[in-house]
$ cat model.csv   # CSV, C-alpha atoms
chain,number,residue,atom,x,y,z
A,1,MET,CA,11.0,69.0,150.5
A,2,GLN,CA,9.9,71.6,147.9
A,3,LEU,CA,7.1,73.9,149.2
A,4,TYR,CA,4.3,75.1,147.0
A,5,THR,CA,4.6,78.9,146.7
A,6,ARG,CA,2.4,81.8,145.5
A,7,SER,CA,4.2,85.0,144.5
A,8,ALA,CA,3.3,88.5,143.3
A,9,GLY,CA,5.0,91.8,142.5
A,10,SER,CA,8.6,92.8,142.1
A,11,GLY,CA,11.3,94.5,144.0
A,12,LEU,CA,12.7,93.6,147.4
A,13,PRO,CA,11.7,90.0,148.2
A,14,VAL,CA,9.4,89.6,151.2
A,15,VAL,CA,8.6,86.1,152.4
A,16,LEU,CA,5.4,85.8,154.4
A,17,LEU,CA,4.8,82.6,156.4
A,18,HIS,CA,1.2,81.7,157.3
A,19,ALA,CA,-0.5,81.0,160.6
A,20,PHE,CA,-1.6,77.7,162.0
A,21,PRO,CA,-3.7,75.9,160.8
A,22,LEU,CA,-4.1,77.9,157.6
A,23,SER,CA,-2.1,78.1,154.3
A,24,SER,CA,-0.7,80.7,152.0
A,25,ALA,CA,-4.3,81.4,151.0
A,26,MET,CA,-4.5,83.7,154.0
A,27,TRP,CA,-2.1,86.1,152.4
A,28,LEU,CA,-4.3,87.0,149.4
A,29,ALA,CA,-4.7,90.6,150.5
A,30,GLN,CA,-1.0,90.9,151.0
A,31,ARG,CA,-0.1,89.5,147.6
A,32,GLU,CA,-2.5,92.0,146.1
A,33,GLY,CA,-1.8,95.0,148.4
A,34,LEU,CA,2.0,94.8,148.6
A,35,ALA,CA,2.8,93.8,145.1
A,36,SER,CA,3.4,97.4,144.1
A,37,THR,CA,5.9,97.8,147.0
A,38,CYS,CA,7.9,94.5,147.0
A,39,ARG,CA,8.1,90.9,145.6
A,40,VAL,CA,5.7,88.9,147.9
A,41,ILE,CA,6.6,85.2,148.3
A,42,THR,CA,4.1,83.1,150.2
A,43,PRO,CA,4.9,79.4,150.7
A,44,ASP,CA,2.6,76.8,152.1
A,45,LEU,CA,4.5,75.4,155.0
A,46,ARG,CA,4.9,71.6,154.9
A,47,GLY,CA,1.7,69.6,155.0
A,48,PHE,CA,-0.5,72.6,154.4
A,49,GLY,CA,-2.1,73.9,151.2
A,50,GLY,CA,-0.2,72.5,148.2
A,51,SER,CA,2.9,71.3,150.1
A,52,GLN,CA,3.6,67.7,151.0
A,53,LEU,CA,4.2,66.7,154.7
A,54,GLY,CA,7.0,64.2,154.3
A,55,ASP,CA,8.2,61.7,156.8
A,56,ASP,CA,10.4,63.8,159.0
A,57,GLU,CA,10.0,64.3,162.7
A,58,PRO,CA,8.0,67.4,163.7
A,59,SER,CA,10.4,70.4,163.9
A,60,ILE,CA,10.1,74.2,163.5
A,61,ASP,CA,13.8,74.2,162.6
A,62,LEU,CA,13.0,71.9,159.7
A,63,MET,CA,10.3,74.2,158.5
A,64,ALA,CA,12.8,77.1,158.5
A,65,ASP,CA,15.2,75.0,156.4
A,66,ASP,CA,12.3,74.5,154.0
A,67,VAL,CA,11.9,78.2,153.7
A,68,ALA,CA,15.7,78.6,153.0
A,69,ARG,CA,15.2,76.2,150.1
A,70,VAL,CA,12.3,78.3,148.8
A,71,LEU,CA,14.8,81.3,148.7
A,72,ASP,CA,17.2,79.1,146.7
A,73,ALA,CA,14.4,78.0,144.3
A,74,GLU,CA,13.3,81.6,143.8
A,75,GLY,CA,16.9,82.7,143.2
A,76,VAL,CA,16.8,85.0,146.2
A,77,GLU,CA,20.0,85.4,148.3
A,78,ALA,CA,18.4,87.3,151.1
A,79,ALA,CA,14.9,88.5,151.9
A,80,VAL,CA,12.7,90.1,154.4
A,81,VAL,CA,11.1,87.1,156.2
A,82,GLY,CA,8.0,87.5,158.2
A,83,GLY,CA,5.3,85.3,159.7
A,84,GLN,CA,2.1,85.4,161.6
A,85,SER,CA,1.5,83.1,164.6
A,86,MET,CA,3.2,79.8,163.7
A,87,GLY,CA,4.8,81.6,160.8
A,88,GLY,CA,6.5,83.8,163.4
A,89,TYR,CA,8.0,80.8,165.1
A,90,VAL,CA,9.4,79.6,161.8
A,91,THR,CA,10.7,83.2,161.2
A,92,MET,CA,12.6,83.1,164.5
A,93,ALA,CA,14.0,79.7,163.5
A,94,MET,CA,15.2,81.4,160.3
A,95,CYS,CA,16.9,84.0,162.5
A,96,ARG,CA,18.6,81.3,164.4
A,97,ARG,CA,19.6,78.9,161.5
A,98,HIS,CA,19.9,81.2,158.4
A,99,PRO,CA,20.7,84.7,159.6
A,100,ASP,CA,22.7,85.5,156.5
A,101,ARG,CA,19.5,85.1,154.4
A,102,LEU,CA,17.7,87.9,156.2
A,103,LEU,CA,17.3,91.6,155.2
A,104,GLY,CA,14.7,92.2,157.9
A,105,VAL,CA,12.2,90.4,160.0
A,106,VAL,CA,8.4,90.8,160.6
A,107,LEU,CA,6.9,89.1,163.6
A,108,ALA,CA,3.1,89.3,163.7
A,109,ASP,CA,0.9,88.0,166.5
A,110,THR,CA,3.5,85.5,167.7
A,111,LYS,CA,5.7,85.1,170.8
A,112,ALA,CA,9.3,84.3,171.5
A,113,SER,CA,8.8,82.3,174.7
A,114,ALA,CA,8.6,78.5,174.6
A,115,ASP,CA,5.4,76.7,175.5
A,116,THR,CA,4.5,76.1,179.1
A,117,PRO,CA,4.1,72.4,180.1
A,118,ALA,CA,0.3,72.9,180.1
A,119,ALA,CA,0.4,74.4,176.6
A,120,ARG,CA,2.5,71.5,175.3
A,121,GLU,CA,0.1,69.0,176.8
A,122,ASN,CA,-2.8,70.8,175.2
A,123,ARG,CA,-1.1,70.7,171.8
A,124,GLU,CA,-0.6,67.0,172.1
A,125,ARG,CA,-4.2,66.5,173.1
A,126,ILE,CA,-5.4,68.3,170.0
A,127,ALA,CA,-2.9,66.5,167.8
A,128,ARG,CA,-4.2,63.1,169.0
A,129,GLU,CA,-7.9,64.2,168.6
A,130,VAL,CA,-7.4,65.5,165.1
A,131,LEU,CA,-5.8,62.3,164.0
A,132,GLU,CA,-8.6,60.3,165.6
A,133,SER,CA,-11.6,62.4,164.7
A,134,GLY,CA,-10.7,65.1,162.1
A,135,THR,CA,-10.6,68.8,162.4
A,136,GLU,CA,-13.8,69.5,164.2
A,137,VAL,CA,-11.8,70.1,167.4
A,138,LEU,CA,-10.1,73.0,165.6
A,139,ILE,CA,-13.5,74.5,164.7
A,140,ARG,CA,-14.7,74.1,168.2
A,141,GLU,CA,-11.6,75.2,170.2
A,142,THR,CA,-9.1,77.0,167.9
A,143,LEU,CA,-11.2,79.0,165.5
A,144,PRO,CA,-12.8,81.2,168.1
A,145,THR,CA,-9.4,82.3,169.4
A,146,LEU,CA,-8.0,83.2,165.9
A,147,VAL,CA,-9.9,86.4,165.3
A,148,GLY,CA,-10.8,89.3,167.5
A,149,THR,CA,-14.2,90.4,169.0
A,150,THR,CA,-14.7,93.0,166.2
A,151,THR,CA,-14.3,90.4,163.5
A,152,LYS,CA,-16.7,88.0,165.2
A,153,GLU,CA,-19.3,90.8,165.6
A,154,ARG,CA,-18.9,92.7,162.4
A,155,ARG,CA,-17.0,90.8,159.7
A,156,ALA,CA,-19.0,87.6,159.0
A,157,MET,CA,-17.4,87.1,155.6
A,158,VAL,CA,-13.9,87.2,157.1
A,159,TYR,CA,-14.9,84.9,159.9
A,160,GLY,CA,-16.4,82.5,157.4
A,161,ARG,CA,-13.3,82.5,155.3
A,162,VAL,CA,-11.1,81.7,158.2
A,163,ARG,CA,-13.5,78.9,159.3
A,164,GLU,CA,-13.2,77.3,155.9
A,165,LEU,CA,-9.4,77.5,155.9
A,166,VAL,CA,-9.3,75.9,159.3
A,167,ARG,CA,-11.8,73.2,158.3
A,168,SER,CA,-9.7,72.3,155.2
A,169,ALA,CA,-6.5,71.8,157.2
A,170,PRO,CA,-5.1,68.2,156.7
A,171,PRO,CA,-5.3,66.3,160.0
A,172,LYS,CA,-1.8,64.9,159.7
A,173,ALA,CA,-0.3,68.3,159.0
A,174,VAL,CA,-2.2,69.8,162.0
A,175,ALA,CA,-0.9,67.1,164.3
A,176,TRP,CA,2.7,67.4,163.0
A,177,ALA,CA,2.6,71.2,163.3
A,178,GLN,CA,1.2,71.1,166.9
A,179,ARG,CA,4.1,68.8,167.9
A,180,ALA,CA,6.6,70.9,166.1
A,181,MET,CA,5.4,74.1,167.9
A,182,ALA,CA,5.3,72.3,171.3
A,183,ALA,CA,9.0,71.4,170.9
A,184,ARG,CA,10.2,74.9,169.8
A,185,PRO,CA,12.8,76.6,172.0
A,186,ASP,CA,12.7,80.0,173.7
A,187,SER,CA,13.9,82.6,171.1
A,188,PHE,CA,14.7,85.7,173.1
A,189,GLU,CA,18.5,85.1,172.8
A,190,THR,CA,18.0,84.7,169.1
A,191,LEU,CA,16.2,88.0,168.9
A,192,ALA,CA,18.8,89.7,171.0
A,193,ALA,CA,21.5,88.6,168.5
A,194,LEU,CA,19.5,89.8,165.4
A,195,LYS,CA,21.6,91.9,163.1
A,196,VAL,CA,18.8,93.2,160.9
A,197,PRO,CA,15.8,95.5,161.7
A,198,ALA,CA,12.6,93.9,162.9
A,199,LEU,CA,9.0,94.9,162.8
A,200,VAL,CA,6.7,93.5,165.5
A,201,VAL,CA,2.9,93.6,164.7
A,202,VAL,CA,0.0,92.7,167.0
A,203,GLY,CA,-3.7,92.9,166.8
A,204,GLU,CA,-5.0,94.9,169.8
A,205,GLU,CA,-7.7,92.2,170.4
A,206,ASP,CA,-5.2,89.3,170.1
A,207,GLU,CA,-5.7,87.0,173.1
A,208,LEU,CA,-3.4,84.2,172.0
A,209,SER,CA,-0.3,86.4,171.6
A,210,PRO,CA,-1.2,89.6,173.3
A,211,LEU,CA,0.4,93.0,173.4
A,212,SER,CA,2.7,92.0,176.3
A,213,ASP,CA,4.3,89.3,174.1
A,214,ALA,CA,4.7,91.8,171.2
A,215,GLU,CA,6.3,94.4,173.5
A,216,ALA,CA,8.7,91.8,174.9
A,217,MET,CA,9.9,90.9,171.4
A,218,ALA,CA,10.2,94.5,170.2
A,219,HIS,CA,12.3,95.2,173.4
A,220,ALA,CA,14.5,92.1,172.8
A,221,VAL,CA,15.7,93.0,169.3
A,222,PRO,CA,18.5,95.6,168.9
A,223,GLU,CA,16.6,97.5,166.1
A,224,GLY,CA,12.9,96.9,166.5
A,225,GLY,CA,9.6,98.7,166.1
A,226,LEU,CA,6.1,97.8,167.2
A,227,THR,CA,2.8,98.4,165.4
A,228,VAL,CA,-0.6,97.7,167.0
A,229,ILE,CA,-3.4,96.9,164.6
A,230,GLU,CA,-6.7,98.2,165.9
A,231,LYS,CA,-9.9,96.1,165.9
A,232,ALA,CA,-8.0,92.9,165.0
A,233,GLY,CA,-7.2,89.7,166.8
A,234,HIS,CA,-4.6,86.9,166.2
A,235,LEU,CA,-5.0,87.0,162.4
A,236,SER,CA,-4.4,90.8,162.0
A,237,ALA,CA,-3.2,90.4,158.4
A,238,VAL,CA,-6.6,88.8,157.5
A,239,GLU,CA,-8.8,90.9,159.7
A,240,GLN,CA,-7.3,94.3,158.9
A,241,PRO,CA,-5.3,93.8,155.8
A,242,GLU,CA,-5.0,97.4,154.8
A,243,ALA,CA,-3.5,98.4,158.1
A,244,PHE,CA,-1.2,95.4,158.2
A,245,ASN,CA,0.0,96.1,154.6
A,246,ALA,CA,0.6,99.7,155.4
A,247,ALA,CA,2.8,98.7,158.3
A,248,VAL,CA,4.8,96.2,156.3
A,249,ALA,CA,5.2,98.5,153.3
A,250,ALA,CA,6.5,101.3,155.5
A,251,PHE,CA,8.9,98.9,157.1
A,252,VAL,CA,10.2,97.6,153.8
A,253,LYS,CA,10.8,101.1,152.5
A,254,THR,CA,13.2,101.8,155.4
A,255,LEU,CA,15.4,98.9,154.3
A,256,PRO,CA,18.2,99.1,151.7
A,257,GLY,CA,16.7,98.4,148.3
A,258,GLY,CA,13.2,98.9,149.7
A,259,GLY,CA,12.4,102.0,147.7
A,260,GLY,CA,12.4,104.5,150.5
A,261,PRO,CA,14.9,107.3,151.4
A,262,PRO,CA,18.4,106.2,152.4
A,263,ARG,CA,18.7,105.2,156.1
A,264,GLY,CA,21.1,106.9,158.5
$ encode --input "model.csv" --output "structure tokens"
Amino acid sequence: MQLYTRSAGSGLPVVLLHAFPLSSAMWLAQREGLASTCRVITPDLRGFGGSQLGDDEPSIDLMADDVARVLDAEGVEAAVVGGQSMGGYVTMAMCRRHPDRLLGVVLADTKASADTPAARENRERIAREVLESGTEVLIRETLPTLVGTTTKERRAMVYGRVRELVRSAPPKAVAWAQRAMAARPDSFETLAALKVPALVVVGEEDELSPLSDAEAMAHAVPEGGLTVIEKAGHLSAVEQPEAFNAAVAAFVKTLPGGGGPPRG
């Protein structure tokens, strides 16, 4: 499986993994805003955007293996890997399966805990409905939870862009990803074993993965920091890109080869 990838900039490689049910199109402001700081690599996770879905069983681990192959294709031995929402789940699977490929980790608006039984049942319900009736259920149920109150009230263009990205999600990929996320394991032990620095980012208005989840992840990693993005919800990178980019750029500059002063 070869993922379709958009890249920009040069320097320390930073791989950003998109949220559900979007594509690497969500990272436009990051490719533009971070290109002067680092080499930004944004793949479409399998089934989304320009990437094929394939015939494999749903698996977050498989998605992480796809990302490792992106690094191979890009000629990158190790990179900062970060993800928002579902992309964060894939990032934690990278920590578990490919720790030697990591220079640092960014976990944005995501959580390390596994789904509750009720959450798994809801994912399966949505998967079935999308396959039967298309993505309207996502517009009705998922879209309103993806952005914060401020975006809904004051950023009509941003909300409209997110809506169109959700609407264009392929139903088969949506169902596959829902089932992959439902089966993911708890990742707190993985975070506790992390050997590289981690940045945890959360929108202050995120109701899907709230501040308490972000604090738990930041506390779990041996070397972790937490940034709260004001007036942003679950898609903090899309809602407040300048603040998000500033946090990531500052983090990258603390890493060896990131362009900042030496650490320690």
$ residues_around --input "model.csv" --residues "A:Leu211" --least-positions-apart "2" --cutoff "12 Å" --atoms "all atoms listed in the file" --output "list in words"
Ala108, Asp109, Thr110, Lys111, Val200, Val201, Val202, Gly203, Glu204, Glu205, Asp206, Glu207, Leu208, Ser209, Asp213, Ala214, Glu215, Ala216, Met217, Ala218, Leu226, Thr227, Val228, Ile229, Glu230, Ala232, Gly233 and His234 of chain A
$ closest_residue --input "model.csv" --among "A:Thr116, A:Ser7, A:Thr42, A:Ser59" --to "A:Asp186" --atoms "only C-alpha atoms"
A:Thr116
$ closest_residue --input "model.csv" --among "A:Gly54, A:Gly104, A:Gly225, A:Pro185" --to "A:Ala247" --atoms "all atoms listed in the file"
A:Gly225
$ residues_around --input "model.csv" --residues "A:Glu189" --least-positions-apart "6" --cutoff "12 Å" --atoms "only C-alpha atoms" --output "list of chain:residue names"
A:Met92, A:Ala93, A:Cys95, A:Arg96, A:Ala112, A:Ser113, A:Met217, A:His219, A:Ala220, A:Val221, A:Pro222
$ closest_residue --input "model.csv" --among "A:Gln178, A:Ser51, A:Gln2, A:Gln84" --to "A:Leu17" --atoms "only C-alpha atoms"
A:Gln84
$ atom_distance --input "model.csv" --atom1 "atom CA of A:Arg6" --atom2 "atom CA of A:Ser24"
7.3 Å
$ residues_around --input "model.csv" --residues "A:Pro58" --least-positions-apart "5" --cutoff "8 Å" --atoms "all atoms listed in the file" --output "PyMOL selection string"
chain A and resi 176-177+179-180
$ closest_residue --input "model.csv" --among "A:Met157, A:Pro171, A:Arg101, A:Arg120" --to "A:Glu132" --atoms "all atoms listed in the file"
A:Pro171
$ closest_residue --input "model.csv" --among "A:Pro144, A:Pro170, A:Gly75, A:Gly88" --to "A:Ser23" --atoms "all atoms listed in the file"
A:Pro170
$ closest_residue --input "model.csv" --among "A:Val252, A:Pro241, A:Ala198, A:Glu223" --to "A:Arg31" --atoms "all atoms listed in the file"
A:Pro241
$ residues_around --input "model.csv" --residues "A:Val40" --least-positions-apart "6" --cutoff "10 Å" --atoms "all atoms listed in the file" --output "list in words"
Arg6, Ser7, Ala8, Gly9, Ser10, Gly11, Leu12, Pro13, Val14, Val15, Leu16, Trp27, Gln30, Arg31, Glu32, Gly33, Leu34 and Val80 of chain A
